[in-house]
Amino acid sequence: MAESMVQIRNVTKVYERGRQKIEVLHGLTLDIPRGDFVALMGPSGSGKTTLLNLIGGLDQPTAGEITVGGRRIDQLSSGQLAQWRAHNVGFVFQFYNLMPVLTAEGNVELPLLLTKLSAAQRRKNAAVALEIVGLTDRAKHKPKELSGGQEQRVAIARALVSDPQLLVCDEPTGDLDRKTADEILGLLQVLNREHGKTIVMVTHDPKAAEFARRTLHLEKGQLLEQAA
Amino acid sequence: MTRSGFVIANLFRRRTRTILTLLSVIMAFLLFGLLQSVNTIFNAGADFVGATRLFTQARVSFTQPLPVSMLPKLEAVPGVARVAYQYWFGGVWQENTPLIMFALDPQRYRDVYPEWVMPEERWQAFIHTRTGMIAGKQLADQYGWKVGQKIPINSNIYPQKNGTKAWIFDLVGVFDGKDEDWKKRTNLAFIQQDYFDEANQFGVKGRENFFILKLADSNHAQQIARTVDAMFENSPDETKTQTEKDFNISFVKQIGDIGLIVRWILFAVFFTLLLVVGNTMAQSVRERIPELAVLKTLGFSDGSVLGFVLAEAFALCLAGGLTGLLLASIAGAMVEKGTGGQFQLTVDYRVWLIGIAVIVLMSLAVGLLPGLRARRLRIVDALAGR
């Protein structure tokens, strides 16, 4: 069996909304091997995004263990998690979440401000990432001067630039038309197959899920099945 | 791209708002620079260097007159070449225009102030005309006064013996300054002390607001001042002797506690500024909560995000503050030049140091609350718009 990239053991997540406690994940256990491309599907409120946030180290479980890339991340402090995220995970969001005041190049370079790379090296790495997503010619453009598909490519370049092994994508094609969505999903597939990135993607779209190696279905905070 | 580049880019995300805020910071620090230098002037210690005249007034205030019987004692002080004296008349032109107007002994005054230039026959006319008045050129030009005219002046303090506050003087001369510096000061008028003493109802005869001591040697100014004040110590008329420049400053101080006035104005200015810049920073952070959450997602620590917000506040206050102080320095130099050095609005290193301290404090005051809010953001909530 392939080495695990993500190991989730008996994870429970409870949110408190005022006096109300909402258990979103109920003792969930899951393994995602290194190099996998997993699509997480399920109805709204099933816990997909919560699971993705836990895998990406954006949130902490109420109970259970999460190990990513061999490191227990459920025990890390907020500062340690931030540092861990900077070096180990790339994020792609539905609405791209680029910095509107920066150019495409600036946006891609942003995570590299957390490294000790020189300014020249940062620029070079950003250029390489933009080349991978096919946006070299739009490097000097600001997000408002780009199409939705181009913005998402910039976001993918930003996720890639610090060379993380894990990419977490939350509805990466949710705001795009079919053709552009397929291009973005094709790009993710290339990153998975040719660059060895492990990808966990939340989607509502069955066609998007077809690009993944496998699809996991969540319902009411529990994993229903594993389909090849 | 660098962290500072990112801070500046964020600062100008709403260019108009930032420029307007920057202008208010510049204006506040321009006012701060000028008012703080005014404060410095009024709080400065006595400076006797190069003084050629000394002013002797009552220790408490020049509004408390001194007896003219002091005159021979003052004249006898070694190093004093000549003594003149003046009494405040409180003249008012027409309805309500106050004039700087003194009653004095013309010959003594002329001897002490050779800087005033007027033809000899005009001086003689002033000396020999009891109802005579001379006016500075600026004043005469301003109100169209001509030599030979009778000038009706009210006094808001002294009525004549017949009860009227309306006085009529014969304009016997118009004086000018000997150079550009003195020409700028010709906005005052003088009348005969003898006439004033006899005609005023209050019978203030024999008392003077201050004496002006012309010195034989400016190097001894401080020593002479001490001698004079020591001479009248523990008497009913204790004195305070100071240079002409310090006297002019203390004259303005009669308005009130200048330091307190300046502090209150600055308090009002900075309080308003705090609201303006604080609101800008709070708004700026509020409208990019998701962006701040993305920064945290990418791995920027809570402290880094707080640092970005504080750096923005600091950059805004620093740019506006330094520009304001620079403009204050330029304006101060212009005022000093324009008044021939009479009003030295020098924005010196002390003002700059206080200004820089204010910039740092203000940056913290306006940046800390929104910065802490950014620091506390929970990524998942902020990304979900909660």
# chains A, B, ... in the order shown; residues from 1 in each chain; ligands from 1
>>> interface_residues(of="chain A", to="chain B", cutoff="9 Å", atoms="only C-alpha atoms", output="ChimeraX atom specification")
/A:50,53,56-59,78-87,89-91,97-102,105-106,109-111,113-114,119,122-123,159
>>> write_last_selection(atoms="N, CA and C atoms", output="mmCIF file, in the first residue's frame")
data_model
loop_
_atom_site.group_PDB
_atom_site.id
_atom_site.type_symbol
_atom_site.label_atom_id
_atom_site.label_comp_id
_atom_site.auth_asym_id
_atom_site.auth_seq_id
_atom_site.Cartn_x
_atom_site.Cartn_y
_atom_site.Cartn_z
ATOM 1 N N THR A 50 -15.381 21.495 6.112
ATOM 2 C CA THR A 50 -14.791 21.337 7.455
ATOM 3 C C THR A 50 -13.642 20.331 7.399
ATOM 4 N N ASN A 53 -10.718 21.905 5.664
ATOM 5 C CA ASN A 53 -10.031 22.864 6.540
ATOM 6 C C ASN A 53 -9.144 22.154 7.567
ATOM 7 N N GLY A 56 -6.082 20.852 5.759
ATOM 8 C CA GLY A 56 -5.191 21.967 5.395
ATOM 9 C C GLY A 56 -4.625 22.704 6.598
ATOM 10 N N GLY A 57 -5.012 22.309 7.800
ATOM 11 C CA GLY A 57 -4.481 22.959 9.000
ATOM 12 C C GLY A 57 -5.052 24.339 9.225
ATOM 13 N N LEU A 58 -6.238 24.603 8.682
ATOM 14 C CA LEU A 58 -6.877 25.905 8.921
ATOM 15 C C LEU A 58 -7.704 25.874 10.201
ATOM 16 N N ASP A 59 -8.001 24.675 10.653
ATOM 17 C CA ASP A 59 -8.846 24.527 11.841
ATOM 18 C C ASP A 59 -8.367 23.294 12.611
ATOM 19 N N SER A 78 -1.336 27.602 17.096
ATOM 20 C CA SER A 78 -1.737 28.439 15.955
ATOM 21 C C SER A 78 -0.511 28.913 15.165
ATOM 22 N N GLY A 79 0.533 29.331 15.880
ATOM 23 C CA GLY A 79 1.748 29.805 15.212
ATOM 24 C C GLY A 79 2.459 28.683 14.479
ATOM 25 N N GLN A 80 2.519 27.494 15.117
ATOM 26 C CA GLN A 80 3.186 26.348 14.476
ATOM 27 C C GLN A 80 2.415 25.896 13.243
ATOM 28 N N LEU A 81 1.077 25.968 13.340
ATOM 29 C CA LEU A 81 0.246 25.583 12.184
ATOM 30 C C LEU A 81 0.486 26.521 11.009
ATOM 31 N N ALA A 82 0.587 27.839 11.325
ATOM 32 C CA ALA A 82 0.819 28.829 10.260
ATOM 33 C C ALA A 82 2.120 28.497 9.543
ATOM 34 N N GLN A 83 3.144 28.207 10.330
ATOM 35 C CA GLN A 83 4.451 27.874 9.753
ATOM 36 C C GLN A 83 4.366 26.585 8.920
ATOM 37 N N TRP A 84 3.636 25.636 9.451
ATOM 38 C CA TRP A 84 3.490 24.355 8.752
ATOM 39 C C TRP A 84 2.774 24.552 7.413
ATOM 40 N N ARG A 85 1.693 25.340 7.464
ATOM 41 C CA ARG A 85 0.927 25.591 6.222
ATOM 42 C C ARG A 85 1.823 26.223 5.162
ATOM 43 N N ALA A 86 2.655 27.191 5.602
ATOM 44 C CA ALA A 86 3.488 27.926 4.655
ATOM 45 C C ALA A 86 4.383 26.992 3.847
ATOM 46 N N HIS A 87 4.797 25.880 4.447
ATOM 47 C CA HIS A 87 5.760 25.005 3.761
ATOM 48 C C HIS A 87 5.157 23.712 3.211
ATOM 49 N N VAL A 89 1.395 23.064 2.488
ATOM 50 C CA VAL A 89 0.077 23.006 1.821
ATOM 51 C C VAL A 89 -0.117 24.203 0.890
ATOM 52 N N GLY A 90 -0.744 23.947 -0.232
ATOM 53 C CA GLY A 90 -1.172 25.017 -1.132
ATOM 54 C C GLY A 90 -2.684 25.052 -1.145
ATOM 55 N N PHE A 91 -3.258 26.254 -1.185
ATOM 56 C CA PHE A 91 -4.723 26.388 -1.125
ATOM 57 C C PHE A 91 -5.264 27.007 -2.411
ATOM 58 N N ASN A 97 -9.613 34.431 -4.282
ATOM 59 C CA ASN A 97 -9.005 35.130 -3.135
ATOM 60 C C ASN A 97 -7.605 35.658 -3.411
ATOM 61 N N LEU A 98 -7.478 36.346 -4.530
ATOM 62 C CA LEU A 98 -6.199 37.002 -4.831
ATOM 63 C C LEU A 98 -6.188 38.382 -4.185
ATOM 64 N N MET A 99 -4.991 38.930 -3.997
ATOM 65 C CA MET A 99 -4.875 40.289 -3.455
ATOM 66 C C MET A 99 -5.088 41.278 -4.607
ATOM 67 N N PRO A 100 -6.165 42.077 -4.552
ATOM 68 C CA PRO A 100 -6.469 42.945 -5.701
ATOM 69 C C PRO A 100 -5.415 44.024 -5.951
ATOM 70 N N VAL A 101 -4.622 44.344 -4.925
ATOM 71 C CA VAL A 101 -3.644 45.432 -5.101
ATOM 72 C C VAL A 101 -2.343 44.944 -5.729
ATOM 73 N N LEU A 102 -2.217 43.615 -5.848
ATOM 74 C CA LEU A 102 -0.969 43.079 -6.403
ATOM 75 C C LEU A 102 -1.187 42.543 -7.811
ATOM 76 N N GLU A 105 2.010 38.372 -10.732
ATOM 77 C CA GLU A 105 3.357 38.018 -10.257
ATOM 78 C C GLU A 105 3.483 38.260 -8.742
ATOM 79 N N GLY A 106 2.963 39.419 -8.286
ATOM 80 C CA GLY A 106 3.014 39.766 -6.864
ATOM 81 C C GLY A 106 2.229 38.786 -6.025
ATOM 82 N N GLU A 109 4.119 35.602 -5.728
ATOM 83 C CA GLU A 109 5.330 35.783 -4.911
ATOM 84 C C GLU A 109 5.008 35.890 -3.415
ATOM 85 N N LEU A 110 3.762 36.251 -3.107
ATOM 86 C CA LEU A 110 3.374 36.543 -1.713
ATOM 87 C C LEU A 110 3.785 35.455 -0.698
ATOM 88 N N PRO A 111 3.498 34.158 -0.953
ATOM 89 C CA PRO A 111 3.889 33.148 0.054
ATOM 90 C C PRO A 111 5.406 33.064 0.236
ATOM 91 N N LEU A 113 7.384 35.437 0.630
ATOM 92 C CA LEU A 113 7.873 36.414 1.614
ATOM 93 C C LEU A 113 8.141 35.733 2.953
ATOM 94 N N LEU A 114 7.588 34.540 3.106
ATOM 95 C CA LEU A 114 7.795 33.809 4.365
ATOM 96 C C LEU A 114 9.059 32.951 4.328
ATOM 97 N N ALA A 119 15.169 38.426 -3.238
ATOM 98 C CA ALA A 119 14.113 39.010 -4.078
ATOM 99 C C ALA A 119 14.194 38.453 -5.495
ATOM 100 N N ARG A 122 12.925 34.930 -5.526
ATOM 101 C CA ARG A 122 11.460 34.913 -5.382
ATOM 102 C C ARG A 122 10.793 35.196 -6.726
ATOM 103 N N ARG A 123 11.331 36.204 -7.407
ATOM 104 C CA ARG A 123 10.759 36.558 -8.724
ATOM 105 C C ARG A 123 10.871 35.388 -9.691
ATOM 106 N N ALA A 159 -0.503 28.671 -5.074
ATOM 107 C CA ALA A 159 -0.520 27.475 -4.230
ATOM 108 C C ALA A 159 0.714 26.601 -4.484
#
>>> residues_around(residues="Phe190 in chain B", least_positions_apart="6", cutoff="8 Å", atoms="only C-alpha atoms", output="PyMOL selection string")
chain B and resi 101-104+133-135
>>> write_last_selection(atoms="N, CA and C atoms", output="JSON list (two decimals), in the first residue's frame")
[["chain", "number", "residue", "atom", "x", "y", "z"],
["B", 101, "MET", "N", -0.80, 102.16, 20.82],
["B", 101, "MET", "CA", -0.62, 103.60, 21.03],
["B", 101, "MET", "C", -0.12, 103.86, 22.45],
["B", 102, "PHE", "N", 0.96, 104.60, 22.54],
["B", 102, "PHE", "CA", 1.55, 104.89, 23.85],
["B", 102, "PHE", "C", 1.70, 106.40, 24.06],
["B", 103, "ALA", "N", 1.59, 106.80, 25.33],
["B", 103, "ALA", "CA", 1.96, 108.17, 25.71],
["B", 103, "ALA", "C", 3.42, 108.12, 26.16],
["B", 104, "LEU", "N", 4.21, 109.13, 25.76],
["B", 104, "LEU", "CA", 5.63, 109.09, 26.10],
["B", 104, "LEU", "C", 6.25, 110.48, 26.07],
["B", 133, "MET", "N", 0.63, 114.21, 18.02],
["B", 133, "MET", "CA", 0.67, 112.75, 17.87],
["B", 133, "MET", "C", 1.54, 112.44, 16.65],
["B", 134, "ILE", "N", 2.35, 111.40, 16.74],
["B", 134, "ILE", "CA", 3.03, 110.92, 15.53],
["B", 134, "ILE", "C", 2.60, 109.48, 15.28],
["B", 135, "ALA", "N", 2.52, 109.16, 14.00],
["B", 135, "ALA", "CA", 2.05, 107.81, 13.63],
["B", 135, "ALA", "C", 3.08, 107.15, 12.73]]
>>> select_by_dssp(residues="range 19-135 of chain A", states="alpha helix (DSSP H)", output="NGL selection string")
:A and (48-55 or 78-88 or 104-109 or 119-132)
>>> residues_around(residues="His141 in chain A", least_positions_apart="4", cutoff="9 Å", atoms="only C-alpha atoms", output="ChimeraX atom specification")
/A:102-105,137,145-146
>>> atom_distance(atom1="CA of Val228 in chain B", atom2="CA of Lys73 in chain B")
8.8 Å
>>> closest_residue(among="A:Leu28, A:Leu51, A:Asn107, A:Val68", to="Ile156 in chain A", atoms="only C-alpha atoms")
A:Asn107
>>> residues_around(residues="Met201 in chain A", least_positions_apart="5", cutoff="7 Å", atoms="only C-alpha atoms", output="VMD selection string")
chain A and resid 38 to 40 168 to 171
>>> write_last_selection(atoms="C-alpha atoms", output="PDB file, in the first residue's frame")
ATOM      1  CA  VAL A  38      -9.389  12.844  -4.145  1.00  0.00           C
ATOM      2  CA  ALA A  39     -12.702  14.517  -4.805  1.00  0.00           C
ATOM      3  CA  LEU A  40     -14.872  15.114  -1.733  1.00  0.00           C
ATOM      4  CA  VAL A 168      -6.354  21.525  -0.982  1.00  0.00           C
ATOM      5  CA  CYS A 169      -8.945  22.950  -3.325  1.00  0.00           C
ATOM      6  CA  ASP A 170     -12.363  24.192  -2.186  1.00  0.00           C
ATOM      7  CA  GLU A 171     -14.735  24.190  -5.140  1.00  0.00           C
TER       8      GLU A 171
END
>>> residues_around(residues="Gln165 in chain A", least_positions_apart="6", cutoff="7 Å", atoms="only C-alpha atoms", output="compact mmCIF listing (two decimals) with C-alpha atoms, in the first residue's frame")
# COMPACT_ATOMS: atom_id res chain seq x y z
CA ASN A 88 3.44 22.03 3.29
CA VAL A 89 0.08 23.01 1.82
CA LYS A 197 1.09 16.61 -5.93
CA THR A 198 -1.47 15.08 -3.63
